[in-house]
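Source file: final.txt (compact mmCIF, C-alpha atoms)
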```txt
# COMPACT_ATOMS: atom_id res chain seq x y z
CA MET A 1 0.00 0.00 0.00
CA LYS A 2 2.80 2.39 0.95
CA ARG A 3 4.64 1.66 -2.33
CA THR A 4 1.44 2.30 -4.29
CA LEU A 5 0.99 5.72 -2.64
CA ILE A 6 4.63 6.63 -3.26
CA ALA A 7 4.38 5.50 -6.90
CA ALA A 8 1.15 7.49 -7.36
CA SER A 9 2.75 10.57 -5.80
CA VAL A 10 5.79 10.31 -8.08
CA ALA A 11 3.52 9.84 -11.11
CA LEU A 12 1.48 12.92 -10.20
CA MET A 13 4.60 15.03 -9.65
CA THR A 14 6.01 13.86 -12.99
CA LEU A 15 2.72 14.62 -14.74
CA GLY A 16 2.56 18.06 -13.11
CA SER A 17 6.07 18.96 -14.16
CA ALA A 18 5.44 17.70 -17.70
CA GLN A 19 2.40 19.94 -17.97
CA ALA A 20 4.30 22.96 -16.68
CA GLN A 21 6.90 23.04 -19.44
CA ALA A 22 7.24 25.96 -21.79
CA VAL A 23 6.38 25.30 -25.41
CA SER A 24 8.39 26.87 -28.24
CA TYR A 25 6.69 29.06 -30.83
CA SER A 26 8.18 30.76 -33.89
CA ILE A 27 7.03 34.22 -34.92
CA ASP A 28 4.84 34.06 -38.04
CA PRO A 29 6.25 36.92 -40.16
CA THR A 30 3.03 37.17 -42.20
CA HIS A 31 0.98 37.92 -39.05
CA THR A 32 3.54 39.86 -37.00
CA PHE A 33 4.19 43.58 -37.42
CA ALA A 34 5.69 46.39 -35.37
CA ASN A 35 3.75 49.54 -36.25
CA PHE A 36 4.38 53.07 -35.02
CA GLU A 37 2.39 56.30 -34.88
CA ILE A 38 3.70 59.79 -34.22
CA GLY A 39 2.03 63.15 -34.53
CA HIS A 40 3.08 65.31 -37.46
CA MET A 41 3.36 68.97 -36.52
CA GLY A 42 0.01 68.92 -34.72
CA THR A 43 -1.99 68.20 -37.86
CA SER A 44 -2.07 64.49 -38.61
CA THR A 45 -0.60 61.17 -37.56
CA LEU A 46 2.38 59.66 -39.35
CA ARG A 47 2.20 55.86 -39.46
CA GLY A 48 4.69 53.23 -40.48
CA ARG A 49 5.76 49.67 -39.85
CA PHE A 50 8.67 47.31 -40.10
CA ASP A 51 8.12 44.51 -42.60
CA LYS A 52 10.97 42.13 -41.66
CA LYS A 53 11.18 40.52 -38.25
CA GLU A 54 12.00 37.18 -36.69
CA GLY A 55 11.87 35.67 -33.27
CA THR A 56 10.76 33.03 -30.84
CA VAL A 57 8.38 32.77 -27.92
CA GLN A 58 8.47 30.29 -25.05
CA PHE A 59 5.06 30.01 -23.46
CA ASP A 60 3.63 27.96 -20.60
CA ARG A 61 -0.03 28.69 -20.02
CA ALA A 62 -0.29 26.34 -17.02
CA ALA A 63 2.63 27.93 -15.17
CA ARG A 64 1.69 31.41 -16.45
CA THR A 65 5.19 32.12 -17.70
CA GLY A 66 6.72 33.10 -20.98
CA SER A 67 9.64 34.66 -22.75
CA VAL A 68 10.10 36.36 -26.09
CA ASP A 69 13.03 37.37 -28.27
CA ILE A 70 12.15 39.37 -31.40
CA THR A 71 14.55 41.10 -33.79
CA ILE A 72 13.35 43.75 -36.24
CA ASP A 73 15.19 44.71 -39.43
CA ILE A 74 15.26 48.52 -39.30
CA GLY A 75 15.93 48.67 -43.06
CA SER A 76 12.46 47.20 -43.67
CA ILE A 77 10.72 50.40 -42.48
CA ASN A 78 7.68 51.22 -44.60
CA THR A 79 5.64 54.42 -44.32
CA GLY A 80 4.36 54.22 -47.89
CA VAL A 81 6.45 57.32 -48.75
CA GLU A 82 9.93 56.44 -50.04
CA PRO A 83 11.61 59.82 -49.27
CA LEU A 84 10.29 59.60 -45.69
CA ASN A 85 11.57 56.02 -45.38
CA THR A 86 15.01 57.24 -46.50
CA HIS A 87 14.99 60.08 -43.94
CA LEU A 88 13.89 57.75 -41.12
CA LEU A 89 16.77 55.38 -41.97
CA SER A 90 19.30 58.23 -41.79
CA GLU A 91 21.37 59.36 -38.79
CA ASP A 92 18.57 61.81 -37.92
CA PHE A 93 16.37 58.95 -36.74
CA PHE A 94 17.17 55.20 -36.81
CA ASN A 95 20.74 55.41 -38.16
CA ALA A 96 20.20 52.05 -39.87
CA SER A 97 23.70 51.85 -41.34
CA LYS A 98 25.17 51.76 -37.82
CA PHE A 99 22.24 50.07 -36.00
CA PRO A 100 20.55 47.72 -38.53
CA THR A 101 18.30 45.97 -36.00
CA ALA A 102 16.12 46.59 -32.97
CA ARG A 103 15.51 43.83 -30.45
CA PHE A 104 12.89 43.18 -27.77
CA VAL A 105 13.64 40.53 -25.12
CA SER A 106 11.38 39.61 -22.21
CA SER A 107 10.92 36.88 -19.64
CA GLN A 108 8.12 38.60 -17.71
CA PHE A 109 4.60 37.80 -18.90
CA ASN A 110 1.74 38.94 -16.66
CA PHE A 111 -1.60 37.14 -16.74
CA SER A 112 -5.24 37.50 -15.79
CA GLY A 113 -6.55 33.95 -15.78
CA ASP A 114 -5.06 32.31 -18.86
CA LYS A 115 -4.81 35.58 -20.83
CA VAL A 116 -1.59 37.57 -21.12
CA THR A 117 -2.23 41.15 -19.92
CA ASP A 118 1.22 42.60 -20.55
CA VAL A 119 4.81 41.74 -21.34
CA THR A 120 7.67 43.62 -19.69
CA GLY A 121 11.10 43.45 -21.24
CA TRP A 122 14.02 45.32 -22.76
CA LEU A 123 14.04 47.19 -26.06
CA THR A 124 17.40 47.76 -27.72
CA LEU A 125 17.34 50.56 -30.27
CA LEU A 126 20.19 52.74 -31.53
CA GLY A 127 22.55 50.73 -29.33
CA LYS A 128 20.72 51.62 -26.11
CA THR A 129 18.66 49.15 -24.03
CA LEU A 130 15.76 50.38 -21.89
CA PRO A 131 12.79 48.73 -20.14
CA VAL A 132 9.45 48.64 -21.98
CA THR A 133 6.05 47.21 -21.01
CA LEU A 134 3.73 46.18 -23.83
CA LYS A 135 0.08 46.07 -22.76
CA ALA A 136 -2.02 43.33 -24.35
CA THR A 137 -5.23 44.68 -25.87
CA GLN A 138 -6.19 41.15 -26.88
CA PHE A 139 -4.61 37.72 -26.59
CA ASN A 140 -5.70 34.26 -27.68
CA CYS A 141 -4.48 30.82 -28.72
CA TYR A 142 -6.23 28.72 -31.38
CA GLN A 143 -5.74 25.63 -33.52
CA ASN A 144 -4.72 26.92 -36.95
CA PRO A 145 -6.48 24.86 -39.65
CA MET A 146 -3.75 25.52 -42.24
CA PHE A 147 -0.69 24.84 -40.06
CA LYS A 148 -2.45 22.07 -38.09
CA ARG A 149 -0.72 23.51 -35.01
CA GLU A 150 -1.54 25.87 -32.18
CA VAL A 151 -1.01 29.57 -32.79
CA CYS A 152 -0.90 32.14 -29.98
CA GLY A 153 -0.83 35.87 -30.35
CA GLY A 154 -2.41 39.21 -29.80
CA ASP A 155 -2.15 42.95 -30.11
CA PHE A 156 0.21 44.81 -27.78
CA GLU A 157 0.92 48.51 -27.37
CA THR A 158 2.99 51.05 -25.51
CA THR A 159 4.04 54.68 -25.75
CA LEU A 160 7.75 55.47 -26.00
CA GLN A 161 9.74 58.65 -25.57
CA ARG A 162 12.03 58.47 -28.61
CA SER A 163 14.55 60.87 -27.05
CA GLN A 164 15.34 58.21 -24.40
CA TRP A 165 17.05 56.23 -27.16
CA GLY A 166 18.78 59.36 -28.51
CA MET A 167 16.33 60.02 -31.36
CA GLY A 168 15.89 63.75 -30.92
CA TRP A 169 15.65 65.09 -34.48
CA GLY A 170 12.80 67.58 -34.90
CA LEU A 171 12.07 68.07 -31.20
CA ASN A 172 13.22 71.68 -31.43
CA MET A 173 10.83 72.16 -34.39
CA GLY A 174 7.76 71.02 -32.49
CA MET A 175 7.74 67.34 -33.48
CA PRO A 176 6.51 65.21 -30.57
CA ASP A 177 8.74 63.02 -28.47
CA THR A 178 6.04 60.41 -27.85
CA VAL A 179 5.64 57.51 -30.25
CA ARG A 180 2.84 54.98 -30.01
CA LEU A 181 4.11 51.46 -30.72
CA LEU A 182 1.54 48.86 -31.78
CA VAL A 183 2.74 45.28 -32.11
CA GLN A 184 0.65 42.57 -33.75
CA VAL A 185 2.10 39.11 -33.03
CA GLU A 186 1.17 35.57 -33.96
CA ALA A 187 3.52 32.69 -33.20
CA VAL A 188 3.24 29.07 -34.36
CA LYS A 189 3.86 26.16 -31.98
CA GLN A 190 6.96 24.16 -32.96
```

Final structure tokens representation of the file:
Amino acid sequence: MKRTLIAASVALMTLGSAQAQAVSYSIDPTHTFANFEIGHMGTSTLRGRFDKKEGTVQFDRAARTGSVDITIDIGSINTGVEPLNTHLLSEDFFNASKFPTARFVSSQFNFSGDKVTDVTGWLTLLGKTLPVTLKATQFNCYQNPMFKREVCGGDFETTLQRSQWGMGWGLNMGMPDTVRLLVQVEAVKQ
């Protein structure tokens, strides 16, 4: 009887630890975008996005933990206006020749129930790394009928002060310092 209880306890502990393991997901580049919005001289909103990105997510819904590592190709900036793209890639803004990538790394996922509410991590841009919290405006996991695998993702947003990373061009002309960052992410279970 005692051996049976010990064996059952070991089996339950093993099952519990097996269920609390992070699962690897790869960023789906066709459903993942980093978009930005910034006011333009008090009249309209300038919008753009980065078209090339890659990364991985480790996610454990049962343990309510996760981590993410996403790299963005700065040269893939797309505002829909080629002269503006060229200016944004220059030393005035992203200095893409010297800093060709941006990177967001996090191991702090916060949850409400089984839904991610925000992700706190570190954004490296222009060679400087600062803390950033991305608030989830929606989050879900589903069985993708095309991939035949689970996909998790959502929409995340934050507001940045671009001058914190040394991007100060235009501030003395009345251009705003605040940039709204909107990140759409879907990642496929591996």

- Which residue, A:Thr45, A:Ser24, A:Thr65, A:Asn144, has the smallest gap to Thr178 (chain A) when you use only C-alpha atoms?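 Looking only at the distances to Thr178 (chain A), the closest residue turns out to be A:Thr45.
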
- Item | Among the residues A:Val179, A:Thr79, A:Glu91, A:Arg61, the one that comes closest to Cys141 (chain A) [using all atoms listed in the file] | A:Arg61

Pull the closest atom pair for each residue of region 29-73 of chain A that gets at most 10 Å from region 149-153 of chain A, along with the distance in Å to one decimal, counting only C-alpha atoms, ordering rows by chain and then ascending residue number, as CSV.
```
residue,atom,partner,partner_atom,distance
A:His31,CA,A:Gly153,CA,9.1
A:Thr32,CA,A:Gly153,CA,8.9
A:Val57,CA,A:Cys152,CA,9.5
A:Phe59,CA,A:Cys152,CA,9.1
```

- Do you have the CA of Lys135 (chain A)-CA of Asp118 (chain A) distance handy?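 Atom-to-atom, CA of Lys135 (chain A) and CA of Asp118 (chain A) are spaced 4.3 Å apart.
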
- Between CA of Leu182 (chain A) and CA of Asn35 (chain A), distance in Å (one decimal):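 Between these atoms lies a distance of 5.0 Å.
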
- Item | One-decimal distance in Å that lies between CA of Leu134 (chain A) and CA of Ala187 (chain A) |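 The value is 16.4 Å.
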
- Excluding same-chain residues fewer than 3 positions from Lys52 (chain A), what lies within 9 Å of it counting all atoms listed in the file, as a list in words?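 Listed by chain and then number, they are Pro29, Phe33, Thr71, Ile72, Asp73, Ile74, Gly75, Ser76 and Ile77 of chain A.
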
Would you mind exporting the chosen residues as an mmCIF file, keeping the file's coordinate frame, restricted to C-alpha atoms?
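Okay, this is what ended up in result26.cif:
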```cif
data_model
loop_
_atom_site.group_PDB
_atom_site.id
_atom_site.type_symbol
_atom_site.label_atom_id
_atom_site.label_comp_id
_atom_site.auth_asym_id
_atom_site.auth_seq_id
_atom_site.Cartn_x
_atom_site.Cartn_y
_atom_site.Cartn_z
ATOM 1 C CA PRO A 29 6.250 36.920 -40.160
ATOM 2 C CA PHE A 33 4.190 43.580 -37.420
ATOM 3 C CA THR A 71 14.550 41.100 -33.790
ATOM 4 C CA ILE A 72 13.350 43.750 -36.240
ATOM 5 C CA ASP A 73 15.190 44.710 -39.430
ATOM 6 C CA ILE A 74 15.260 48.520 -39.300
ATOM 7 C CA GLY A 75 15.930 48.670 -43.060
ATOM 8 C CA SER A 76 12.460 47.200 -43.670
ATOM 9 C CA ILE A 77 10.720 50.400 -42.480
#
```

- Taking into account all atoms listed in the file, which residue in the set A:Ala102, A:Val116, A:Leu89, A:Ile38 is nearest to Gly66 (chain A)?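 The closest residue to Gly66 (chain A) is A:Val116.
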
- Message: For a quick check of your reading of the model, name the residues lying within 8 Å of the coordinate (-2.1, 33.7, -21.7), counting all atoms listed in the file, and write them as a list in words.
- Response: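 All residues meeting the 8 Å criterion around (-2.1, 33.7, -21.7) are Arg61, Arg64, Phe111, Ser112, Gly113, Asp114, Lys115, Val116, Thr117, Phe139, Asn140 and Cys141 of chain A.
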
Quick one: axis-aligned box around all listed atoms of region 76-80 of chain A, 4 Å on every side, centre and edge lengths in Å to one decimal, written as AutoDock Vina command-line options.
```
--center_x 8.4 --center_y 50.8 --center_z -45.2 --size_x 16.1 --size_y 15.2 --size_z 13.4
```

- Measuring atom to atom with only C-alpha atoms, identify which of A:Ser90, A:Ser163, A:Thr56, A:Thr133 is nearest to Glu186 (chain A).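 With only C-alpha atoms as the atom set, the closest residue is A:Thr56.
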
- List the neighbours of Phe93 (chain A) out to 12 Å using only C-alpha atoms; skip same-chain residues closer than 2 positions along the sequence, and give me the result as a PyMOL selection string. chain A and resi 74+77+84-91+95-99+125-126+162-163+165-171+177

- Item | Which of A:Ala63, A:Gln138, A:Trp122, A:Asp51 sits closest to Gly80 (chain A) [using only C-alpha atoms] | A:Asp51
